[in-house]
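Undergrad: First the structure, which I've put down as structure tokens, then a few questions once you've had a look.
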Amino acid sequence: ADDQRTVVDLLTDQVEFANVILINKVDLVSEQELERLKGILRHLNPEARLIACREGAIDPSEILATGLFDMERASQSAGWIKELQGQHVPETEEYGISSFIYRAHTPMHPDRFMKLIRSGAFGQVLRAKGYVWLATRDYPVLYSQAGGVKRMGASGFWWATVPEAQRPMDDPNFRAYLAKYWREPYGDRRQEIVFIGIQMDQAELTARLEACLLTPQEIQRGKWHALRDPFPKWR
């Protein structure tokens with residue numbers, strides 16, 4: 001009852017978490033369509049074993065007691081996570097399947113970002129996930145898109161909002177995080193979204209996203225929390 005995911009959200013989550021994916025009824029599609037689908041699945045989950053079959057006919061040993069499952073590895077198997085970790089999945093050029101990461105250390109104007117989401121500019125995007133810094137919110141907002149379904153909501157906190165005395169400075173992983181993400185004067189606040197899609201125009205999408213960022217004049221004026229913000233109050 002508490003699961004708010006749509007069917008496409010659930011399907012995408014399952015594909016990203018699986019270590020074996022069966023592609024059934026392959027006799028009903030062309031070889032080109034099958035290869036295109038495989039390319040999409042490899043971008044969504046680079047580590048999954050893909051098995052094509054007809055009428056569900058497979059050797060049971062392909063899916064039973066394979067010894068493949070590992071919780072830690074499965075939790076990191078999604079293509080968007082691989083991209084954030086620097087493990088880029090090569091483009092499937094023949095079918096126009098590609099991925100890229102949009103990064104920026106300037107806040108988003110929430111009204112302009114909402115208009116972009118509603119504009120249809122992400123029509124070629126199959127999957128997108130990552131963190132958005134809205135100028136009116138001082139916490140990360142998780143952006144998730146699966147097909148045409150988009151979701152956003154509060155997600156954790158920026159370390160920049162945590163008093164320095166409470167930061168785990170002795171933790172080497174935390175220091176590595178700071179080295180990778182910390183930028184003055186805003187700390188680890190940032191935009192970081194992975195896009196996976198077909199025939200995406202990366203330059204155009206990037207330009208549209210850049211247009212949503214606060215301008216130097218808006219930054220200088222301050223009072224960001226007074227900007228028009230059409231998003232729900234998640235906190």
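The way I read the labels, and the way they are meant: chains A, B, ... in the order of the structure tokens, residue 1 as the first residue of every chain, and ligand 1 as the first ligand shown, with later ones counted on from there.
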Counting only C-alpha atoms, what is within 12 Å of range 158-169 of chain A, bar same-chain residues fewer than 5 positions away, as a list of chain:residue names?

TA: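 The residues satisfying every condition are A:Tyr131, A:Val132, A:Trp133, A:Arg137, A:Asp138, A:Tyr139, A:Pro140, A:Val141, A:Phe174, A:Arg175, A:Ala176, A:Tyr177, A:Leu178, A:Ala179, A:Tyr181, A:Trp182, A:Arg183, A:Glu184, A:Pro185, A:Tyr186, A:Gly187, A:Asp188, A:Arg189, A:Arg190, A:Gln191.
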
Undergrad: Out of range 41-183 of chain A, which residues get alpha helix (DSSP H) from DSSP, as a compact mmCIF listing (two decimals) with all heavy atoms, in the first residue's frame?

TA:
```txt
# COMPACT_ATOMS: atom_id res chain seq x y z
N LEU A 41 18.78 -2.87 -22.75
CA LEU A 41 18.94 -3.59 -21.48
C LEU A 41 20.37 -3.51 -20.96
O LEU A 41 20.59 -3.39 -19.76
CB LEU A 41 18.52 -5.06 -21.65
CG LEU A 41 17.04 -5.29 -21.92
CD1 LEU A 41 16.77 -6.77 -22.24
CD2 LEU A 41 16.19 -4.86 -20.73
N ARG A 42 21.35 -3.53 -21.87
CA ARG A 42 22.75 -3.43 -21.44
C ARG A 42 23.05 -2.06 -20.84
O ARG A 42 23.90 -1.93 -19.97
CB ARG A 42 23.68 -3.72 -22.61
CG ARG A 42 23.69 -5.18 -23.05
CD ARG A 42 24.83 -5.46 -24.03
NE ARG A 42 24.72 -6.81 -24.58
CZ ARG A 42 24.22 -7.09 -25.77
NH1 ARG A 42 23.82 -6.09 -26.55
NH2 ARG A 42 24.15 -8.33 -26.20
N HIS A 43 22.36 -1.04 -21.33
CA HIS A 43 22.55 0.29 -20.76
C HIS A 43 21.85 0.41 -19.41
O HIS A 43 22.34 1.09 -18.51
CB HIS A 43 22.04 1.37 -21.72
CG HIS A 43 23.07 1.82 -22.71
ND1 HIS A 43 23.43 1.05 -23.79
CD2 HIS A 43 23.84 2.94 -22.75
CE1 HIS A 43 24.37 1.70 -24.47
NE2 HIS A 43 24.64 2.83 -23.86
N LEU A 44 20.70 -0.25 -19.27
CA LEU A 44 20.00 -0.20 -17.99
C LEU A 44 20.69 -1.05 -16.93
O LEU A 44 20.70 -0.70 -15.75
CB LEU A 44 18.55 -0.69 -18.17
CG LEU A 44 17.63 0.21 -19.00
CD1 LEU A 44 16.27 -0.45 -19.16
CD2 LEU A 44 17.49 1.59 -18.37
N MET A 71 24.01 -9.39 -3.03
CA MET A 71 23.21 -8.20 -2.71
C MET A 71 23.98 -6.91 -2.97
O MET A 71 23.45 -5.97 -3.57
CB MET A 71 22.74 -8.26 -1.26
CG MET A 71 21.95 -7.03 -0.82
SD MET A 71 20.42 -6.79 -1.79
CE MET A 71 19.35 -7.97 -0.97
N GLU A 72 25.23 -6.86 -2.52
CA GLU A 72 26.00 -5.63 -2.69
C GLU A 72 26.22 -5.33 -4.17
O GLU A 72 26.08 -4.19 -4.62
CB GLU A 72 27.35 -5.74 -1.99
CG GLU A 72 28.19 -4.47 -2.07
CD GLU A 72 29.46 -4.56 -1.26
OE1 GLU A 72 29.64 -5.56 -0.53
OE2 GLU A 72 30.28 -3.64 -1.36
N ARG A 73 26.55 -6.37 -4.93
CA ARG A 73 26.78 -6.17 -6.36
C ARG A 73 25.48 -5.80 -7.07
O ARG A 73 25.47 -4.91 -7.94
CB ARG A 73 27.35 -7.46 -6.96
CG ARG A 73 27.76 -7.32 -8.41
CD ARG A 73 28.43 -8.60 -8.90
NE ARG A 73 28.79 -8.50 -10.31
CZ ARG A 73 29.37 -9.47 -11.00
NH1 ARG A 73 29.67 -10.62 -10.39
NH2 ARG A 73 29.66 -9.31 -12.27
N ALA A 74 24.39 -6.44 -6.70
CA ALA A 74 23.10 -6.15 -7.33
C ALA A 74 22.66 -4.72 -7.06
O ALA A 74 22.09 -4.06 -7.93
CB ALA A 74 22.04 -7.13 -6.83
N SER A 75 22.94 -4.22 -5.87
CA SER A 75 22.53 -2.86 -5.52
C SER A 75 23.32 -1.81 -6.30
O SER A 75 22.93 -0.65 -6.34
CB SER A 75 22.71 -2.62 -4.02
OG SER A 75 24.08 -2.67 -3.66
N GLY A 79 22.63 0.73 -14.59
CA GLY A 79 23.47 1.49 -15.49
C GLY A 79 23.71 2.91 -15.05
O GLY A 79 24.81 3.45 -15.21
N TRP A 80 22.68 3.55 -14.46
CA TRP A 80 22.87 4.95 -14.04
C TRP A 80 23.87 5.04 -12.89
O TRP A 80 24.64 6.00 -12.80
CB TRP A 80 21.52 5.58 -13.67
CG TRP A 80 20.87 5.07 -12.42
CD1 TRP A 80 20.03 4.00 -12.32
CD2 TRP A 80 21.00 5.61 -11.10
NE1 TRP A 80 19.64 3.82 -11.01
CE2 TRP A 80 20.20 4.80 -10.24
CE3 TRP A 80 21.70 6.69 -10.56
CZ2 TRP A 80 20.11 5.05 -8.88
CZ3 TRP A 80 21.59 6.93 -9.19
CH2 TRP A 80 20.80 6.13 -8.37
N ILE A 81 23.90 4.02 -12.02
CA ILE A 81 24.88 4.01 -10.93
C ILE A 81 26.29 3.81 -11.51
O ILE A 81 27.25 4.47 -11.08
CB ILE A 81 24.55 2.90 -9.92
CG1 ILE A 81 23.22 3.19 -9.22
CG2 ILE A 81 25.67 2.76 -8.89
CD1 ILE A 81 22.78 2.11 -8.25
N LYS A 82 26.41 2.91 -12.49
CA LYS A 82 27.70 2.68 -13.13
C LYS A 82 28.24 3.97 -13.73
O LYS A 82 29.43 4.28 -13.62
CB LYS A 82 27.57 1.62 -14.23
CG LYS A 82 27.15 0.24 -13.75
CD LYS A 82 28.23 -0.44 -12.96
CE LYS A 82 27.85 -1.88 -12.66
NZ LYS A 82 28.81 -2.51 -11.73
N GLU A 83 27.35 4.72 -14.37
CA GLU A 83 27.78 5.98 -14.99
C GLU A 83 28.30 6.95 -13.93
O GLU A 83 29.34 7.58 -14.11
CB GLU A 83 26.61 6.61 -15.76
CG GLU A 83 26.19 5.85 -16.99
CD GLU A 83 27.15 6.02 -18.16
OE1 GLU A 83 27.93 6.99 -18.16
OE2 GLU A 83 27.12 5.18 -19.07
N LEU A 84 27.57 7.07 -12.82
CA LEU A 84 28.01 7.97 -11.76
C LEU A 84 29.35 7.54 -11.17
O LEU A 84 30.12 8.38 -10.69
CB LEU A 84 26.95 8.05 -10.66
CG LEU A 84 25.65 8.78 -10.99
CD1 LEU A 84 24.73 8.78 -9.78
CD2 LEU A 84 25.92 10.22 -11.44
N PRO A 110 13.47 26.59 -9.85
CA PRO A 110 12.45 25.53 -9.84
C PRO A 110 11.36 25.72 -10.89
O PRO A 110 10.90 24.73 -11.47
CB PRO A 110 11.88 25.60 -8.42
CG PRO A 110 12.29 26.93 -7.88
CD PRO A 110 13.58 27.27 -8.56
N ASP A 111 10.96 26.94 -11.15
CA ASP A 111 9.90 27.16 -12.12
C ASP A 111 10.37 26.82 -13.53
O ASP A 111 9.65 26.16 -14.30
CB ASP A 111 9.42 28.61 -12.06
CG ASP A 111 8.12 28.81 -12.81
OD1 ASP A 111 7.21 27.96 -12.68
OD2 ASP A 111 8.00 29.81 -13.55
N ARG A 112 11.58 27.22 -13.86
CA ARG A 112 12.10 26.90 -15.20
C ARG A 112 12.32 25.40 -15.36
O ARG A 112 12.10 24.83 -16.44
CB ARG A 112 13.40 27.68 -15.46
CG ARG A 112 13.20 29.18 -15.58
CD ARG A 112 14.35 29.85 -16.33
NE ARG A 112 15.60 29.87 -15.60
CZ ARG A 112 15.98 30.87 -14.79
NH1 ARG A 112 15.19 31.91 -14.60
NH2 ARG A 112 17.16 30.83 -14.19
N PHE A 113 12.77 24.74 -14.29
CA PHE A 113 12.98 23.30 -14.37
C PHE A 113 11.65 22.56 -14.53
O PHE A 113 11.56 21.61 -15.32
CB PHE A 113 13.72 22.80 -13.13
CG PHE A 113 14.14 21.36 -13.21
CD1 PHE A 113 14.99 20.92 -14.22
CD2 PHE A 113 13.71 20.44 -12.28
CE1 PHE A 113 15.39 19.59 -14.32
CE2 PHE A 113 14.11 19.11 -12.35
CZ PHE A 113 14.94 18.68 -13.37
N MET A 114 10.63 22.98 -13.82
CA MET A 114 9.30 22.37 -13.98
C MET A 114 8.81 22.53 -15.42
O MET A 114 8.28 21.58 -16.02
CB MET A 114 8.31 22.99 -13.01
CG MET A 114 6.87 22.53 -13.20
SD MET A 114 6.61 20.77 -12.83
CE MET A 114 6.28 20.86 -11.06
N LYS A 115 8.99 23.71 -15.99
CA LYS A 115 8.55 23.93 -17.38
C LYS A 115 9.33 23.04 -18.34
O LYS A 115 8.76 22.55 -19.33
CB LYS A 115 8.71 25.40 -17.74
CG LYS A 115 7.71 26.31 -17.04
CD LYS A 115 7.96 27.78 -17.33
CE LYS A 115 6.94 28.66 -16.61
NZ LYS A 115 7.22 30.12 -16.80
N LEU A 116 10.61 22.83 -18.07
CA LEU A 116 11.40 21.95 -18.92
C LEU A 116 10.89 20.51 -18.84
O LEU A 116 10.73 19.84 -19.87
CB LEU A 116 12.87 22.00 -18.49
CG LEU A 116 13.81 21.03 -19.23
CD1 LEU A 116 13.86 21.37 -20.72
CD2 LEU A 116 15.21 21.06 -18.63
N ILE A 117 10.60 20.05 -17.64
CA ILE A 117 10.09 18.68 -17.46
C ILE A 117 8.79 18.48 -18.23
O ILE A 117 8.55 17.44 -18.84
CB ILE A 117 9.86 18.38 -15.96
CG1 ILE A 117 11.20 18.32 -15.22
CG2 ILE A 117 9.12 17.06 -15.79
CD1 ILE A 117 11.04 18.20 -13.73
N ARG A 118 7.95 19.50 -18.21
CA ARG A 118 6.64 19.40 -18.86
C ARG A 118 6.68 19.67 -20.36
O ARG A 118 5.67 19.48 -21.04
CB ARG A 118 5.67 20.38 -18.19
CG ARG A 118 5.29 19.99 -16.76
CD ARG A 118 4.42 21.04 -16.12
NE ARG A 118 3.85 20.58 -14.85
CZ ARG A 118 3.16 21.35 -14.03
NH1 ARG A 118 2.96 22.63 -14.32
NH2 ARG A 118 2.68 20.85 -12.90
N PRO A 172 38.00 7.74 5.33
CA PRO A 172 38.63 7.96 4.02
C PRO A 172 37.63 8.05 2.87
O PRO A 172 37.87 8.76 1.89
CB PRO A 172 39.58 6.76 3.86
CG PRO A 172 39.08 5.73 4.83
CD PRO A 172 38.46 6.49 5.96
N ASN A 173 36.52 7.31 2.97
CA ASN A 173 35.51 7.38 1.93
C ASN A 173 34.86 8.76 1.89
O ASN A 173 34.55 9.29 0.82
CB ASN A 173 34.43 6.31 2.15
CG ASN A 173 34.96 4.91 1.94
OD1 ASN A 173 35.82 4.69 1.09
ND2 ASN A 173 34.45 3.96 2.71
N PHE A 174 34.66 9.34 3.07
CA PHE A 174 34.07 10.68 3.13
C PHE A 174 35.04 11.71 2.56
O PHE A 174 34.65 12.60 1.80
CB PHE A 174 33.70 11.05 4.57
CG PHE A 174 33.12 12.42 4.71
CD1 PHE A 174 31.87 12.71 4.19
CD2 PHE A 174 33.83 13.44 5.33
CE1 PHE A 174 31.32 13.98 4.31
CE2 PHE A 174 33.30 14.71 5.45
CZ PHE A 174 32.04 14.98 4.94
N ARG A 175 36.32 11.57 2.86
CA ARG A 175 37.31 12.51 2.31
C ARG A 175 37.39 12.38 0.79
O ARG A 175 37.55 13.38 0.08
CB ARG A 175 38.67 12.25 2.95
CG ARG A 175 38.74 12.61 4.44
CD ARG A 175 40.18 12.79 4.90
NE ARG A 175 40.96 11.57 4.72
CZ ARG A 175 41.05 10.60 5.62
NH1 ARG A 175 40.39 10.69 6.78
NH2 ARG A 175 41.79 9.53 5.39
N ALA A 176 37.24 11.17 0.29
CA ALA A 176 37.23 10.97 -1.17
C ALA A 176 36.00 11.62 -1.79
O ALA A 176 36.08 12.20 -2.89
CB ALA A 176 37.27 9.47 -1.50
N TYR A 177 34.88 11.52 -1.08
CA TYR A 177 33.65 12.17 -1.54
C TYR A 177 33.85 13.69 -1.64
O TYR A 177 33.49 14.32 -2.63
CB TYR A 177 32.51 11.83 -0.58
CG TYR A 177 31.23 12.61 -0.82
CD1 TYR A 177 30.27 12.14 -1.70
CD2 TYR A 177 31.00 13.81 -0.16
CE1 TYR A 177 29.10 12.85 -1.92
CE2 TYR A 177 29.83 14.53 -0.37
CZ TYR A 177 28.89 14.05 -1.26
OH TYR A 177 27.73 14.76 -1.47
N LEU A 178 34.43 14.28 -0.59
CA LEU A 178 34.67 15.71 -0.59
C LEU A 178 35.60 16.12 -1.74
O LEU A 178 35.37 17.13 -2.41
CB LEU A 178 35.27 16.16 0.74
CG LEU A 178 34.39 16.03 1.99
CD1 LEU A 178 35.12 16.60 3.20
CD2 LEU A 178 33.05 16.73 1.80
N ALA A 179 36.64 15.33 -1.96
CA ALA A 179 37.59 15.65 -3.02
C ALA A 179 36.90 15.63 -4.39
O ALA A 179 37.26 16.41 -5.28
CB ALA A 179 38.75 14.66 -3.00
N LYS A 180 35.92 14.76 -4.53
CA LYS A 180 35.24 14.62 -5.82
C LYS A 180 34.16 15.68 -6.02
O LYS A 180 34.01 16.21 -7.14
CB LYS A 180 34.63 13.22 -5.92
CG LYS A 180 33.93 12.95 -7.25
CD LYS A 180 33.43 11.52 -7.33
CE LYS A 180 32.77 11.24 -8.67
NZ LYS A 180 32.30 9.83 -8.77
N TYR A 181 33.42 16.01 -4.96
CA TYR A 181 32.22 16.83 -5.13
C TYR A 181 32.29 18.24 -4.54
O TYR A 181 31.48 19.09 -4.90
CB TYR A 181 31.01 16.11 -4.54
CG TYR A 181 30.65 14.84 -5.28
CD1 TYR A 181 30.72 13.60 -4.66
CD2 TYR A 181 30.23 14.88 -6.60
CE1 TYR A 181 30.39 12.43 -5.33
CE2 TYR A 181 29.90 13.73 -7.29
CZ TYR A 181 29.97 12.50 -6.65
OH TYR A 181 29.65 11.36 -7.31
```

Undergrad: Identify, with DSSP run on backbone atoms, the residues in range 30-201 of chain A assigned to strand (DSSP E or B), and express the list as an MDAnalysis selection string.

TA: chainID A and resid 49:52 92 97:104 108 125:132 134 141:146 149:154 183 187 191:198

Undergrad: Do you have, as a tab-separated table, the list of residues of range 117-166 of chain A lying at most 12 Å from range 208-218 of chain A, each with its nearest atom pair and that distance in Å to one decimal, counting only C-alpha atoms and ordered by chain then number?

TA:
```
residue	atom	partner	partner_atom	distance
A:Ile117	CA	A:Leu209	CA	9.8
A:Ser119	CA	A:Arg208	CA	10.4
A:Gly120	CA	A:Arg208	CA	11.4
A:Ala121	CA	A:Arg208	CA	8.1
A:Phe122	CA	A:Arg208	CA	10.0
A:Val132	CA	A:Leu213	CA	10.8
A:Trp133	CA	A:Leu213	CA	9.6
A:Leu134	CA	A:Leu213	CA	9.0
A:Ala135	CA	A:Leu214	CA	7.9
A:Thr136	CA	A:Leu214	CA	11.1
```

Undergrad: Would you mind exporting the chosen residues as a PDB file, in the first residue's frame, restricted to N, CA and C atoms?

TA:
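out05.pdb was written with the following content:
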```pdb
ATOM      1  N   ILE A 117      10.601  20.046 -17.635  1.00  0.00           N
ATOM      2  CA  ILE A 117      10.091  18.681 -17.463  1.00  0.00           C
ATOM      3  C   ILE A 117       8.789  18.483 -18.228  1.00  0.00           C
ATOM      4  N   SER A 119       7.815  20.117 -20.861  1.00  0.00           N
ATOM      5  CA  SER A 119       7.894  20.556 -22.256  1.00  0.00           C
ATOM      6  C   SER A 119       8.000  19.421 -23.256  1.00  0.00           C
ATOM      7  N   GLY A 120       8.330  18.227 -22.789  1.00  0.00           N
ATOM      8  CA  GLY A 120       8.552  17.113 -23.706  1.00  0.00           C
ATOM      9  C   GLY A 120       9.978  17.034 -24.208  1.00  0.00           C
ATOM     10  N   ALA A 121      10.875  17.848 -23.626  1.00  0.00           N
ATOM     11  CA  ALA A 121      12.269  17.858 -24.066  1.00  0.00           C
ATOM     12  C   ALA A 121      12.974  16.538 -23.797  1.00  0.00           C
ATOM     13  N   PHE A 122      12.458  15.736 -22.846  1.00  0.00           N
ATOM     14  CA  PHE A 122      13.087  14.466 -22.497  1.00  0.00           C
ATOM     15  C   PHE A 122      12.412  13.297 -23.212  1.00  0.00           C
ATOM     16  N   VAL A 132      19.100  16.662  -8.047  1.00  0.00           N
ATOM     17  CA  VAL A 132      18.851  18.028  -8.485  1.00  0.00           C
ATOM     18  C   VAL A 132      18.951  18.953  -7.282  1.00  0.00           C
ATOM     19  N   TRP A 133      19.582  20.095  -7.489  1.00  0.00           N
ATOM     20  CA  TRP A 133      19.649  21.130  -6.453  1.00  0.00           C
ATOM     21  C   TRP A 133      18.737  22.269  -6.872  1.00  0.00           C
ATOM     22  N   LEU A 134      17.557  22.312  -6.273  1.00  0.00           N
ATOM     23  CA  LEU A 134      16.627  23.411  -6.512  1.00  0.00           C
ATOM     24  C   LEU A 134      17.016  24.587  -5.626  1.00  0.00           C
ATOM     25  N   ALA A 135      17.002  25.781  -6.191  1.00  0.00           N
ATOM     26  CA  ALA A 135      17.455  26.965  -5.461  1.00  0.00           C
ATOM     27  C   ALA A 135      16.636  27.225  -4.208  1.00  0.00           C
ATOM     28  N   THR A 136      15.395  26.758  -4.191  1.00  0.00           N
ATOM     29  CA  THR A 136      14.502  27.011  -3.060  1.00  0.00           C
ATOM     30  C   THR A 136      14.571  25.930  -1.989  1.00  0.00           C
TER      31      THR A 136
END
```

Undergrad: Between A:Glu31, A:Glu93, A:Asp59, A:Glu16, which is the closest to Gln76 in chain A once you count only C-alpha atoms?

TA: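 Nearest to Gln76 in chain A: A:Glu16.
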
Undergrad: Near Val29 in chain A, within 12 Å and counting only C-alpha atoms, which residues show up once chain neighbours fewer than 5 positions away are dropped, as a list in words?

TA: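 Everything that qualifies: Ile23, Asn24, Leu34, Glu35, Arg36, Leu37, Ala52, Cys53 and Arg54 of chain A.
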
Undergrad: Print the selection's residues with C-alpha atoms to a file, as a CSV table (one decimal), in the first residue's frame.

TA:
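Result file again_19.csv:
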```csv
chain,number,residue,atom,x,y,z
A,23,ILE,CA,13.9,-12.1,-23.3
A,24,ASN,CA,11.0,-14.2,-24.3
A,34,LEU,CA,16.0,-8.0,-30.7
A,35,GLU,CA,19.5,-6.4,-30.9
A,36,ARG,CA,18.1,-3.0,-30.2
A,37,LEU,CA,16.3,-4.3,-27.1
A,52,ALA,CA,16.8,-15.0,-25.5
A,53,CYS,CA,14.2,-17.7,-25.6
A,54,ARG,CA,10.9,-18.8,-27.3
```

Undergrad: Applying 12 Å and only C-alpha atoms, which residues near Leu68 in chain A remain after dropping the ones on its own chain fewer than 3 positions away? List them as a PyMOL selection string.

TA: chain A and resi 18-20+47-49+61-65+71-74

Undergrad: Of the candidates A:Gln145, A:Gln199, A:Gln124, A:Ser99, which one gets nearest to Gln87 in chain A if we count only C-alpha atoms?

TA: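 Among the listed residues, A:Ser99 lies closest to Gln87 in chain A.
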
Undergrad: May I ask which of the residues A:Tyr95, A:Ile58, A:Arg5, A:Ser77 is the closest one to Lys38 in chain A, counting only C-alpha atoms?

TA: A:Tyr95
